[in-house]
Each structure stands twice: as C-alpha cells, then as structure tokens.
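Heads up, structure27.tsv below (TSV, C-alpha atoms and all ligand atoms):
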```tsv
chain	number	residue	atom	x	y	z
A	20	MET	CA	-199.91	-69.52	-100.88
A	21	LEU	CA	-198.58	-72.17	-103.22
A	22	PRO	CA	-194.93	-71.98	-104.22
A	23	GLU	CA	-194.72	-70.96	-107.88
A	24	VAL	CA	-192.51	-72.38	-110.61
A	25	THR	CA	-192.46	-72.13	-114.41
A	26	ALA	CA	-192.80	-75.06	-116.79
A	27	THR	CA	-189.81	-75.42	-119.11
A	28	ARG	CA	-190.58	-78.64	-121.01
A	29	TYR	CA	-193.67	-80.68	-121.76
A	30	VAL	CA	-192.59	-84.31	-121.41
A	31	THR	CA	-195.61	-86.54	-122.02
A	32	PRO	CA	-199.34	-86.84	-121.41
A	33	LEU	CA	-200.70	-89.18	-118.69
A	34	ARG	CA	-203.61	-91.09	-120.13
A	35	GLU	CA	-204.78	-93.28	-117.25
A	36	GLY	CA	-207.21	-90.73	-115.82
A	37	GLY	CA	-209.88	-88.67	-117.49
A	38	SER	CA	-208.39	-85.18	-117.50
A	39	LEU	CA	-205.21	-85.70	-119.55
A	40	PRO	CA	-202.71	-84.26	-117.08
A	41	GLY	CA	-199.16	-83.96	-118.41
A	42	ILE	CA	-195.71	-84.55	-117.02
A	43	VAL	CA	-193.65	-81.36	-117.25
A	44	GLU	CA	-190.25	-80.17	-116.12
A	45	ALA	CA	-189.91	-76.82	-114.40
A	46	ASP	CA	-187.32	-74.13	-113.77
A	47	ASP	CA	-186.65	-75.40	-110.24
A	48	LEU	CA	-185.41	-78.65	-111.88
A	49	GLY	CA	-188.49	-80.43	-110.54
A	50	THR	CA	-190.74	-82.78	-112.50
A	51	TYR	CA	-194.47	-82.28	-111.99
A	52	VAL	CA	-197.80	-83.72	-112.98
A	53	MET	CA	-199.56	-80.71	-114.45
A	54	LYS	CA	-203.32	-80.21	-114.14
A	55	PHE	CA	-204.52	-77.71	-116.70
A	56	THR	CA	-206.85	-74.76	-116.12
A	57	GLY	CA	-208.09	-75.25	-119.69
A	58	ALA	CA	-209.21	-78.86	-119.10
A	59	GLY	CA	-212.90	-79.60	-119.61
A	60	GLN	CA	-213.45	-80.17	-115.89
A	61	GLY	CA	-212.76	-76.47	-115.26
A	62	ARG	CA	-210.92	-74.51	-112.62
A	63	LYS	CA	-213.01	-75.87	-109.71
A	64	THR	CA	-211.16	-79.14	-110.12
A	65	LEU	CA	-207.93	-77.27	-109.38
A	66	VAL	CA	-209.48	-75.49	-106.40
A	67	ALA	CA	-210.51	-78.89	-105.03
A	68	GLU	CA	-207.02	-80.28	-105.61
A	69	VAL	CA	-205.48	-77.44	-103.61
A	70	ILE	CA	-207.93	-77.36	-100.69
A	71	CYS	CA	-208.13	-81.12	-100.26
A	72	GLY	CA	-204.45	-81.75	-101.00
A	73	ARG	CA	-203.34	-79.20	-98.45
A	74	LEU	CA	-205.91	-80.39	-95.94
A	75	ALA	CA	-204.76	-83.99	-96.26
A	76	GLN	CA	-201.13	-82.91	-95.84
A	77	ARG	CA	-201.99	-80.88	-92.75
A	78	LEU	CA	-203.78	-83.90	-91.30
A	79	GLY	CA	-200.63	-85.95	-91.75
A	80	LEU	CA	-201.64	-87.92	-94.85
A	81	ARG	CA	-199.16	-88.24	-97.70
A	82	VAL	CA	-199.89	-86.07	-100.75
A	83	PRO	CA	-197.11	-85.08	-103.17
A	84	GLU	CA	-196.12	-81.39	-102.92
A	85	LEU	CA	-198.37	-78.96	-104.78
A	86	VAL	CA	-197.13	-75.90	-106.70
A	87	GLY	CA	-198.52	-73.18	-108.91
A	88	LEU	CA	-197.16	-73.93	-112.37
A	89	GLN	CA	-196.82	-71.08	-114.87
A	90	LEU	CA	-197.27	-72.21	-118.46
A	91	ASP	CA	-196.30	-70.55	-121.71
A	92	PRO	CA	-198.12	-72.73	-124.27
A	93	VAL	CA	-195.18	-72.30	-126.62
A	94	ILE	CA	-193.34	-75.11	-124.76
A	95	GLY	CA	-195.75	-77.59	-126.31
A	96	LEU	CA	-195.29	-76.49	-129.91
A	97	SER	CA	-193.54	-79.68	-130.97
A	98	GLU	CA	-196.10	-81.90	-129.24
A	99	PRO	CA	-197.74	-83.91	-132.07
A	100	ASP	CA	-201.00	-84.75	-130.28
A	101	GLU	CA	-203.72	-82.27	-131.22
A	102	GLU	CA	-205.69	-82.82	-128.02
A	103	VAL	CA	-202.60	-81.93	-125.98
A	104	GLN	CA	-201.94	-78.88	-128.17
A	105	GLU	CA	-205.48	-77.61	-127.56
A	106	LEU	CA	-205.15	-78.15	-123.82
A	107	LEU	CA	-201.86	-76.26	-123.64
A	108	LYS	CA	-203.22	-73.39	-125.75
A	109	ALA	CA	-206.23	-73.07	-123.46
A	110	SER	CA	-204.07	-73.11	-120.32
A	111	GLY	CA	-201.59	-70.24	-120.61
A	112	GLY	CA	-200.82	-68.73	-117.19
A	113	LEU	CA	-201.23	-70.38	-113.81
A	114	ASN	CA	-201.92	-74.12	-113.58
A	115	LEU	CA	-201.52	-76.71	-110.83
A	116	GLY	CA	-198.46	-78.90	-110.41
A	117	MET	CA	-198.09	-81.97	-108.23
A	118	ASP	CA	-194.64	-83.37	-107.55
A	119	PHE	CA	-194.16	-86.39	-109.80
A	120	LEU	CA	-193.34	-89.56	-107.87
A	121	PRO	CA	-190.97	-91.50	-110.14
A	122	GLY	CA	-191.37	-95.25	-109.99
A	123	SER	CA	-194.61	-95.13	-108.02
A	124	LEU	CA	-197.18	-97.84	-108.65
A	125	GLY	CA	-200.95	-97.57	-108.75
A	126	PHE	CA	-202.44	-99.07	-105.58
A	127	ASP	CA	-203.47	-102.68	-106.05
A	128	PRO	CA	-205.54	-104.25	-103.27
A	129	LEU	CA	-204.23	-107.68	-104.33
A	130	ALA	CA	-200.66	-106.66	-103.72
A	131	TYR	CA	-200.77	-104.25	-100.78
A	132	GLN	CA	-202.42	-104.51	-97.37
A	133	ALA	CA	-202.97	-101.11	-95.75
A	134	ASP	CA	-203.23	-101.20	-91.96
A	135	ALA	CA	-206.55	-100.47	-90.31
A	136	ALA	CA	-205.41	-97.20	-88.74
A	137	GLU	CA	-204.13	-95.67	-91.96
A	138	ALA	CA	-207.08	-97.00	-93.97
A	139	GLY	CA	-209.39	-95.40	-91.38
A	140	ARG	CA	-207.69	-92.02	-91.68
A	141	ILE	CA	-207.91	-92.06	-95.47
A	142	VAL	CA	-211.57	-93.16	-95.55
A	143	TRP	CA	-212.48	-90.55	-92.91
A	144	PHE	CA	-210.69	-87.85	-94.89
A	145	ASP	CA	-212.43	-88.91	-98.12
A	146	ALA	CA	-215.77	-88.76	-96.30
A	147	LEU	CA	-214.95	-85.25	-95.10
A	148	VAL	CA	-214.32	-83.93	-98.59
A	149	GLY	CA	-216.95	-86.16	-100.21
A	150	ASN	CA	-214.41	-87.85	-102.48
A	151	VAL	CA	-216.12	-90.13	-105.01
A	152	ASP	CA	-212.86	-91.09	-106.71
A	153	ARG	CA	-211.13	-93.55	-104.42
A	154	SER	CA	-213.00	-96.68	-105.39
A	155	TRP	CA	-211.43	-99.97	-106.42
A	156	ARG	CA	-212.34	-99.02	-109.98
A	157	ASN	CA	-210.31	-95.84	-109.75
A	158	PRO	CA	-208.16	-95.80	-106.60
A	159	ASN	CA	-206.17	-92.56	-107.10
A	160	LEU	CA	-203.71	-93.94	-104.58
A	161	LEU	CA	-200.06	-94.54	-105.34
A	162	VAL	CA	-197.55	-96.76	-103.57
A	163	TRP	CA	-194.12	-95.16	-103.44
A	164	HIS	CA	-191.17	-96.35	-101.36
A	165	GLY	CA	-193.58	-98.72	-99.64
A	166	ASP	CA	-195.98	-95.96	-98.51
A	167	LEU	CA	-199.43	-94.88	-99.64
A	168	TRP	CA	-199.71	-91.49	-101.37
A	169	LEU	CA	-203.00	-89.77	-102.15
A	170	ILE	CA	-203.49	-88.10	-105.54
A	171	ASP	CA	-206.34	-86.63	-107.56
A	172	HIS	CA	-208.79	-84.71	-105.38
A	173	GLY	CA	-210.58	-83.09	-108.32
A	174	ALA	CA	-213.87	-84.95	-107.77
A	175	THR	CA	-214.58	-83.79	-104.23
A	176	MET	CA	-216.78	-81.20	-102.49
A	177	ILE	CA	-219.57	-81.66	-105.02
A	178	TRP	CA	-221.44	-78.86	-103.23
A	179	HIS	CA	-219.12	-76.24	-104.74
A	180	HIS	CA	-220.89	-76.76	-108.05
A	181	ASN	CA	-224.10	-75.48	-106.48
A	182	TRP	CA	-223.34	-73.24	-103.51
A	183	PRO	CA	-226.96	-72.53	-102.50
A	184	THR	CA	-227.33	-76.25	-101.69
A	185	ALA	CA	-224.03	-76.50	-99.77
A	186	ALA	CA	-225.62	-76.34	-96.33
A	187	THR	CA	-227.71	-79.47	-96.92
A	188	ALA	CA	-225.16	-81.24	-99.13
A	189	THR	CA	-222.48	-81.15	-96.44
A	190	THR	CA	-224.61	-83.21	-94.06
A	191	ARG	CA	-225.12	-86.05	-96.57
A	192	PRO	CA	-223.98	-89.56	-95.62
A	193	TYR	CA	-220.89	-91.07	-97.19
A	194	ASP	CA	-221.13	-94.62	-98.46
A	195	ALA	CA	-217.61	-96.09	-98.44
A	196	SER	CA	-218.66	-99.61	-99.53
A	197	ASP	CA	-216.72	-99.32	-102.79
A	198	HIS	CA	-213.78	-97.45	-101.30
A	199	VAL	CA	-210.56	-99.16	-102.34
A	200	LEU	CA	-209.50	-99.43	-98.68
A	201	ALA	CA	-212.85	-100.79	-97.42
A	202	PRO	CA	-211.49	-104.38	-97.32
A	203	CYS	CA	-208.63	-103.29	-95.02
A	204	GLY	CA	-210.97	-102.95	-92.05
A	205	PRO	CA	-210.64	-99.16	-91.70
A	206	ASP	CA	-210.62	-98.00	-88.06
A	207	LEU	CA	-213.04	-95.12	-88.54
A	208	ALA	CA	-213.64	-94.44	-84.85
A	209	GLY	CA	-209.91	-94.15	-84.21
A	210	ALA	CA	-209.47	-91.90	-87.23
A	211	ALA	CA	-212.33	-89.63	-86.21
A	212	ALA	CA	-210.98	-89.33	-82.66
A	213	ALA	CA	-207.54	-88.38	-83.97
A	214	LEU	CA	-208.47	-86.16	-86.90
A	215	ALA	CA	-211.80	-84.46	-86.19
A	216	PRO	CA	-210.43	-82.22	-83.40
A	217	ARG	CA	-207.72	-81.04	-85.79
A	218	VAL	CA	-210.18	-79.84	-88.44
A	219	THR	CA	-210.55	-76.34	-87.03
A	220	GLU	CA	-211.69	-73.14	-88.71
A	221	GLU	CA	-208.10	-71.93	-88.60
A	222	LEU	CA	-206.75	-75.03	-90.34
A	223	LEU	CA	-209.42	-74.94	-93.04
A	224	ALA	CA	-208.90	-71.21	-93.62
A	225	ALA	CA	-205.19	-71.88	-94.14
A	226	CYS	CA	-206.04	-74.49	-96.80
A	227	ALA	CA	-208.45	-72.12	-98.56
A	228	ALA	CA	-205.81	-69.37	-98.41
A	229	ASP	CA	-203.54	-71.56	-100.52
A	230	VAL	CA	-205.91	-71.27	-103.51
A	231	PRO	CA	-204.79	-68.56	-105.94
A	232	ASP	CA	-207.24	-65.62	-106.26
A	233	GLU	CA	-207.55	-66.09	-110.00
A	234	TRP	CA	-209.30	-69.47	-109.56
A	235	LEU	CA	-211.86	-67.91	-107.23
A	236	VAL	CA	-212.75	-64.57	-108.85
A	237	ASP	CA	-216.19	-63.99	-110.37
A	238	GLU	CA	-217.78	-66.95	-108.60
A	239	PRO	CA	-221.53	-66.31	-108.96
A	240	GLY	CA	-223.10	-65.25	-105.65
A	241	PHE	CA	-219.82	-64.07	-104.09
A	242	THR	CA	-218.28	-60.62	-103.90
A	243	SER	CA	-214.63	-61.59	-103.53
A	244	PRO	CA	-212.21	-64.54	-103.54
A	245	ASP	CA	-212.07	-64.33	-99.74
A	246	ALA	CA	-215.85	-64.73	-99.55
A	247	VAL	CA	-215.53	-67.96	-101.57
A	248	ARG	CA	-212.72	-69.12	-99.27
A	249	ARG	CA	-215.00	-68.57	-96.27
A	250	ALA	CA	-217.70	-70.68	-97.92
A	251	TYR	CA	-215.26	-73.61	-98.34
A	252	THR	CA	-214.13	-73.23	-94.73
A	253	GLU	CA	-217.69	-73.17	-93.39
A	254	ALA	CA	-218.83	-76.10	-95.50
A	255	LEU	CA	-215.95	-78.35	-94.40
A	256	LEU	CA	-216.27	-77.27	-90.78
A	257	ARG	CA	-219.94	-78.18	-90.82
A	258	ARG	CA	-219.22	-81.47	-92.57
A	259	ALA	CA	-216.63	-82.53	-89.98
A	260	GLU	CA	-219.18	-82.30	-87.17
A	261	GLY	CA	-220.37	-85.80	-86.27
A	262	LEU	CA	-219.06	-87.08	-89.60
A	263	VAL	CA	-218.16	-90.56	-88.38
A	264	ASP	CA	-221.84	-91.33	-87.72
A	265	ARG	CA	-222.64	-90.63	-91.35
A	266	VAL	CA	-220.05	-92.97	-92.88
A	267	THR	CA	-221.22	-96.45	-93.82
A	268	ILE	CA	-219.19	-99.40	-95.09
A	269	GLY	CA	-221.52	-102.07	-96.42
A	270	ALA	CA	-220.93	-104.99	-98.73
A	271	PRO	CA	-219.14	-103.95	-101.90
A	272	THR	CA	-221.16	-103.97	-105.11
A	273	ALA	CA	-221.53	-107.24	-106.97
A	274	ASP	CA	-219.05	-106.33	-109.72
A	275	ARG	CA	-216.13	-106.07	-107.27
A	276	PRO	CA	-212.89	-107.76	-108.39
A	277	SER	CA	-213.85	-111.38	-107.84
A	278	ARG	CA	-210.30	-112.59	-107.25
A	279	ALA	CA	-209.38	-110.07	-104.58
A	280	PRO	CA	-208.24	-112.14	-101.62
A	281	GLY	CA	-209.86	-111.03	-98.42
A	282	TRP	CA	-212.11	-108.53	-100.16
A	283	LEU	CA	-214.87	-109.15	-97.67
A	284	THR	CA	-212.86	-110.11	-94.61
A	285	GLY	CA	-209.94	-107.72	-94.86
A	286	LYS	CA	-207.60	-110.70	-94.36
A	287	PRO	CA	-205.48	-112.15	-97.15
A	288	GLU	CA	-206.42	-115.72	-97.97
A	289	ALA	CA	-203.89	-118.32	-96.86
A	290	GLY	CA	-201.46	-119.48	-99.49
A	291	ARG	CA	-202.00	-116.62	-101.97
B	301	LIG	N1	-197.73	-87.25	-108.51
B	301	LIG	C1	-197.78	-88.30	-109.33
B	301	LIG	N2	-196.70	-89.11	-109.48
B	301	LIG	C2	-196.73	-90.17	-110.33
B	301	LIG	N3	-197.80	-90.49	-111.10
B	301	LIG	C3	-198.89	-89.72	-110.99
B	301	LIG	C4	-198.96	-88.59	-110.11
B	301	LIG	N4	-200.16	-87.99	-110.24
B	301	LIG	C5	-200.83	-88.72	-111.14
B	301	LIG	N5	-200.09	-89.75	-111.61
B	301	LIG	C6	-200.51	-90.76	-112.61
B	301	LIG	O1	-201.33	-90.12	-113.57
B	301	LIG	C7	-202.66	-90.67	-113.57
B	301	LIG	C8	-203.67	-89.57	-113.78
B	301	LIG	O2	-203.57	-88.60	-112.75
B	301	LIG	P1	-204.82	-88.13	-111.92
B	301	LIG	O3	-204.36	-87.07	-110.97
B	301	LIG	O4	-205.50	-89.30	-111.31
B	301	LIG	O5	-205.70	-87.42	-113.03
B	301	LIG	P2	-207.16	-87.69	-113.65
B	301	LIG	O6	-207.96	-86.52	-113.22
B	301	LIG	O7	-206.92	-87.70	-115.11
B	301	LIG	O8	-207.68	-88.99	-113.11
B	301	LIG	C9	-202.78	-91.37	-112.21
B	301	LIG	O9	-203.71	-92.40	-112.23
B	301	LIG	C10	-201.36	-91.85	-111.98
B	301	LIG	O10	-201.11	-93.05	-112.68
B	302	MG	MG	-207.44	-89.98	-111.36
```

What is this structure when it is put down as structure tokens?
Ligand SMILES: Nc1ncnc2c1ncn2[C@@H]1O[C@H](COP(=O)(O)OP(=O)(O)O)[C@@H](O)[C@H]1O
Ligand SMILES: [Mg+2]
Amino acid sequence: MLPEVTATRYVTPLREGGSLPGIVEADDLGTYVMKFTGAGQGRKTLVAEVICGRLAQRLGLRVPELVGLQLDPVIGLSEPDEEVQELLKASGGLNLGMDFLPGSLGFDPLAYQADAAEAGRIVWFDALVGNVDRSWRNPNLLVWHGDLWLIDHGATMIWHHNWPTAATATTRPYDASDHVLAPCGPDLAGAAAALAPRVTEELLAACAADVPDEWLVDEPGFTSPDAVRRAYTEALLRRAEGLVDRVTIGAPTADRPSRAPGWLTGKPEAGR
C-alpha cells in the first residue's frame, strides 16, 4: 500500500518533461511532484511509476518517496493555464505523488561522474524494467545532496500495453548504448550478481501490491486487480532470468553530445 495524503495547494506546473506533472502541497505539510491520472499517457504510467519506483527502492537505489495523492480539482481553480485546468478537472480522486527534492539538479554527464558500481546497478535495473527514458537526451536522473536519485519510470514495461505479447517481450535484449550512464563504465556483472538474486517472486509481489486497485480494475483479459498484479510479477521474474546476457552497451549514436569529456572512455579528459 502507498501512504495516502490529500493535495491542499497547486503550486506550479513542471514543463521539462512531456506529461505536465505539477508541484503540489499536501495536508501532511509535504511538497510533491504530482502525476495525474487524467494525463494523456493514462493510468498505466502511474502503475509503472509505482511498481518500478518501489522495486528500485527495495533494491537499494534512491527514488524519492511515493504516495497516493487525493485531488479535489477545486484547488486549481485560480490556475490561469487552461491545459493545467483541464488536467486537474480530469484527475479528481487518487493520483500519484513523488516527494519533491528541493534544490536538486538534472543529471549532467559533463558535471558528474557516477562510479562504475552504481552506474551498473542503475543500468541493470533499467534493463529489468525495460526503461527507455534514461538516455542522455532525457536522463530522468537528479543529483541531490551529491547523490543520484531516479525519477520518472512511466515509460517502462512496454509489454503491459499488450499483455498477450508479454511472454516474448520480456526476453527482448536491452540496448544501453544511449543510456546516460553508459560512459561511466557500468559494472553490469557486479550489479547482476548483487541484484538478480534479490528479485524474487515475493519482492515483486510486494511491489505490485503497492499499486492501488483502482488503477488495475477492468484491465482487458484479467478478472481482478490481483490477477493483473500476478502478471506484472511473472513478467519481471521472467525478465530477471539471465538478464545480464541480454544487455549490450555499444558505441553511442552519432548525435551524442560532442563535447562530453570521456563520453567514449568513461574517463574525464585531463584539464577539463
Ligand atoms: N521528485 C522530484 N524532485 C524535484 N524535481 C523533480 C522531481 N520529479 C520530477 N522533477 C522535475 O520535473 C521534471 C518532469 O518530471 P518527470 O517525472 O520526468 O515527468 P515527465 O513524465 O513529464 O517527463 C523532471 O525532469 C525534473 O526536472
Ligand atoms: Mg521525465
């Protein structure tokens, strides 16, 4: 279960990403990044955020705390932006909140060198959930108090958009050539040895149990929210098996940031 709080004030939209999340304050005096059920990407994005966010946390990676965020659209009445108004109106009820990290910076490979062990764990995790959104174009990684924090797991587990194909989709290779941490020399073997044994059915079921029923009901082909939870658990369990052999890190694509020191070698250039 996710802890549940109620939004009390809509502060401002966040426009960097594609889904127009908003910063809100809540009745526990917390400040959250709110992901809306009424956003065009749909509720599966929120399911992915919960399962992957909780999984990453349970594997010891840093992800800001997740909460269920109750919204009464009336709190946005004075918000001048029509797009925001529409989003709030379409999102009454339960939404997803992620603890807002004040003063965090977007990850910049020019300014921050991740160590090989941590880079390996993050790339291995992204391969597990099939995350396509951690590239240097769109890192979805924050640096806060000197540490790396993972955000935005909405574009993962592509197989949940077409469940009948899940069995074959979960065995697909993962090409990490454009992963934002590829230049850090990720220690994939070390990460797999440390993390794969921890990805058990029990752990995955606990992550799926954190997803609220109302985001899982009426999923075509399933009779209950618990049946959908089992499908997520099975898919990720299957994917974890032998995963490291299916991850490749090749040369990054030609349009990589040309000035990134050490992009190919993983070592910063002298004197920069
Ligand atoms: N927990 C957070 N703390 C601080 N800033 C955040 C947090 N979550 C997201 N952001 C900022 O908001 C932007 C958009 O959020 P993100 O979750 O990536 O949504 P989108 O689906 O729109 O890409 C991020 O790129 C980041 O700059
Ligand atoms: Mg994003």

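Summary of the local environment: counting all atoms listed in the file, residues at most 8 Å from Gln89 (chain A), other than itself and those fewer than 5 positions away along its chain, are Glu23, Val24, Thr25, Ala26, Gly111, Gly112, Leu113 and Asn114 of chain A.
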
For Gly95 (chain A), the nearest of the candidates A:Ala211, A:Ile42, A:Ala67, A:Ala227, counting only C-alpha atoms: A:Ile42

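Neighbouring residues of Gly173 (chain A) at 8 Å or closer, counting only C-alpha atoms and skipping chain neighbours under 4 positions away, are Lys63, Thr64, Leu65, Val66, Ala67 and Glu68 of chain A.
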
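CA of Ala215 (chain A) is positioned 26.6 Å from CA of Val86 (chain A).
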
Ser196 (chain A) environment, 9 Å, all atoms listed in the file, sequence neighbours closer than 6 positions dropped, as a list in words: Ser154, Pro202, Thr267, Ile268, Gly269, Ala270, Pro271 and Thr272 of chain A

How would the residues just picked look written out with C-alpha atoms as a PDB file, in the coordinates of the input?
```pdb
ATOM      1  CA  SER A 154    -213.000 -96.680-105.390  1.00  0.00           C
ATOM      2  CA  PRO A 202    -211.490-104.380 -97.320  1.00  0.00           C
ATOM      3  CA  THR A 267    -221.220 -96.450 -93.820  1.00  0.00           C
ATOM      4  CA  ILE A 268    -219.190 -99.400 -95.090  1.00  0.00           C
ATOM      5  CA  GLY A 269    -221.520-102.070 -96.420  1.00  0.00           C
ATOM      6  CA  ALA A 270    -220.930-104.990 -98.730  1.00  0.00           C
ATOM      7  CA  PRO A 271    -219.140-103.950-101.900  1.00  0.00           C
ATOM      8  CA  THR A 272    -221.160-103.970-105.110  1.00  0.00           C
TER       9      THR A 272
END
```

Atom-to-atom span, CA of Trp178 (chain A) and CA of Phe144 (chain A), Å: 16.3 Å

Atomic separation - CA of Ala250 (chain A) relative to CA of Asp118 (chain A), Å: 28.0 Å

Of the listed residues A:Leu129, A:Ala208, A:Ala174, A:Leu80, that which approaches ligand MG 302 (chain B) most closely, counting all atoms listed in the file: A:Ala174

Pull all heavy atoms for region 55-65 of chain A from the block and write them as a PDB file, in the first residue's frame.
```
ATOM      1  N   PHE A  55      -0.648  12.951 -12.857  1.00  0.00           N
ATOM      2  CA  PHE A  55      -2.109  12.957 -12.902  1.00  0.00           C
ATOM      3  C   PHE A  55      -2.703  11.733 -13.602  1.00  0.00           C
ATOM      4  O   PHE A  55      -2.245  11.353 -14.679  1.00  0.00           O
ATOM      5  CB  PHE A  55      -2.588  14.221 -13.615  1.00  0.00           C
ATOM      6  CG  PHE A  55      -2.219  15.480 -12.880  1.00  0.00           C
ATOM      7  CD1 PHE A  55      -1.080  16.189 -13.225  1.00  0.00           C
ATOM      8  CD2 PHE A  55      -2.999  15.929 -11.823  1.00  0.00           C
ATOM      9  CE1 PHE A  55      -0.728  17.345 -12.540  1.00  0.00           C
ATOM     10  CE2 PHE A  55      -2.647  17.082 -11.134  1.00  0.00           C
ATOM     11  CZ  PHE A  55      -1.508  17.794 -11.490  1.00  0.00           C
ATOM     12  N   THR A  56      -3.768  11.190 -13.007  1.00  0.00           N
ATOM     13  CA  THR A  56      -4.461  10.065 -13.663  1.00  0.00           C
ATOM     14  C   THR A  56      -5.090  10.514 -14.979  1.00  0.00           C
ATOM     15  O   THR A  56      -5.281   9.709 -15.883  1.00  0.00           O
ATOM     16  CB  THR A  56      -5.623   9.498 -12.808  1.00  0.00           C
ATOM     17  OG1 THR A  56      -6.327  10.576 -12.235  1.00  0.00           O
ATOM     18  CG2 THR A  56      -5.135   8.545 -11.764  1.00  0.00           C
ATOM     19  N   GLY A  57      -5.415  11.813 -15.079  1.00  0.00           N
ATOM     20  CA  GLY A  57      -6.091  12.307 -16.281  1.00  0.00           C
ATOM     21  C   GLY A  57      -5.124  12.697 -17.388  1.00  0.00           C
ATOM     22  O   GLY A  57      -5.544  13.198 -18.436  1.00  0.00           O
ATOM     23  N   ALA A  58      -3.824  12.483 -17.198  1.00  0.00           N
ATOM     24  CA  ALA A  58      -2.852  12.847 -18.238  1.00  0.00           C
ATOM     25  C   ALA A  58      -3.006  11.912 -19.432  1.00  0.00           C
ATOM     26  O   ALA A  58      -3.452  10.772 -19.288  1.00  0.00           O
ATOM     27  CB  ALA A  58      -1.435  12.768 -17.693  1.00  0.00           C
ATOM     28  N   GLY A  59      -2.629  12.408 -20.605  1.00  0.00           N
ATOM     29  CA  GLY A  59      -2.828  11.662 -21.845  1.00  0.00           C
ATOM     30  C   GLY A  59      -2.194  10.277 -21.829  1.00  0.00           C
ATOM     31  O   GLY A  59      -2.667   9.355 -22.472  1.00  0.00           O
ATOM     32  N   GLN A  60      -1.106  10.130 -21.081  1.00  0.00           N
ATOM     33  CA  GLN A  60      -0.378   8.849 -21.063  1.00  0.00           C
ATOM     34  C   GLN A  60      -1.168   7.751 -20.355  1.00  0.00           C
ATOM     35  O   GLN A  60      -0.834   6.575 -20.481  1.00  0.00           O
ATOM     36  CB  GLN A  60       0.977   9.025 -20.366  1.00  0.00           C
ATOM     37  CG  GLN A  60       1.995   9.872 -21.132  1.00  0.00           C
ATOM     38  CD  GLN A  60       1.775  11.384 -20.995  1.00  0.00           C
ATOM     39  OE1 GLN A  60       0.781  11.821 -20.404  1.00  0.00           O
ATOM     40  NE2 GLN A  60       2.642  12.175 -21.561  1.00  0.00           N
ATOM     41  N   GLY A  61      -2.184   8.137 -19.578  1.00  0.00           N
ATOM     42  CA  GLY A  61      -3.070   7.146 -18.966  1.00  0.00           C
ATOM     43  C   GLY A  61      -2.560   6.566 -17.662  1.00  0.00           C
ATOM     44  O   GLY A  61      -1.439   6.818 -17.233  1.00  0.00           O
ATOM     45  N   ARG A  62      -3.425   5.750 -17.053  1.00  0.00           N
ATOM     46  CA  ARG A  62      -3.124   5.274 -15.695  1.00  0.00           C
ATOM     47  C   ARG A  62      -1.985   4.250 -15.669  1.00  0.00           C
ATOM     48  O   ARG A  62      -1.372   4.042 -14.630  1.00  0.00           O
ATOM     49  CB  ARG A  62      -4.395   4.692 -15.052  1.00  0.00           C
ATOM     50  CG  ARG A  62      -4.870   3.424 -15.730  1.00  0.00           C
ATOM     51  CD  ARG A  62      -6.148   2.875 -15.123  1.00  0.00           C
ATOM     52  NE  ARG A  62      -6.376   1.528 -15.642  1.00  0.00           N
ATOM     53  CZ  ARG A  62      -7.387   0.765 -15.299  1.00  0.00           C
ATOM     54  NH1 ARG A  62      -8.290   1.189 -14.439  1.00  0.00           N
ATOM     55  NH2 ARG A  62      -7.500  -0.445 -15.814  1.00  0.00           N
ATOM     56  N   LYS A  63      -1.686   3.610 -16.822  1.00  0.00           N
ATOM     57  CA  LYS A  63      -0.595   2.625 -16.813  1.00  0.00           C
ATOM     58  C   LYS A  63       0.745   3.276 -16.497  1.00  0.00           C
ATOM     59  O   LYS A  63       1.652   2.643 -15.965  1.00  0.00           O
ATOM     60  CB  LYS A  63      -0.513   1.892 -18.150  1.00  0.00           C
ATOM     61  CG  LYS A  63      -1.514   0.761 -18.195  1.00  0.00           C
ATOM     62  CD  LYS A  63      -1.331  -0.170 -19.336  1.00  0.00           C
ATOM     63  CE  LYS A  63      -2.454  -1.191 -19.259  1.00  0.00           C
ATOM     64  NZ  LYS A  63      -2.602  -1.965 -20.473  1.00  0.00           N
ATOM     65  N   THR A  64       0.866   4.549 -16.856  1.00  0.00           N
ATOM     66  CA  THR A  64       2.079   5.279 -16.500  1.00  0.00           C
ATOM     67  C   THR A  64       2.244   5.303 -14.981  1.00  0.00           C
ATOM     68  O   THR A  64       3.347   5.145 -14.461  1.00  0.00           O
ATOM     69  CB  THR A  64       1.971   6.720 -17.032  1.00  0.00           C
ATOM     70  OG1 THR A  64       1.668   6.657 -18.410  1.00  0.00           O
ATOM     71  CG2 THR A  64       3.236   7.500 -16.838  1.00  0.00           C
ATOM     72  N   LEU A  65       1.124   5.506 -14.289  1.00  0.00           N
ATOM     73  CA  LEU A  65       1.195   5.573 -12.821  1.00  0.00           C
ATOM     74  C   LEU A  65       1.481   4.198 -12.231  1.00  0.00           C
ATOM     75  O   LEU A  65       2.231   4.067 -11.257  1.00  0.00           O
ATOM     76  CB  LEU A  65      -0.109   6.135 -12.246  1.00  0.00           C
ATOM     77  CG  LEU A  65      -0.556   7.496 -12.793  1.00  0.00           C
ATOM     78  CD1 LEU A  65      -1.700   8.061 -11.940  1.00  0.00           C
ATOM     79  CD2 LEU A  65       0.581   8.485 -12.816  1.00  0.00           C
TER      80      LEU A  65
END
```
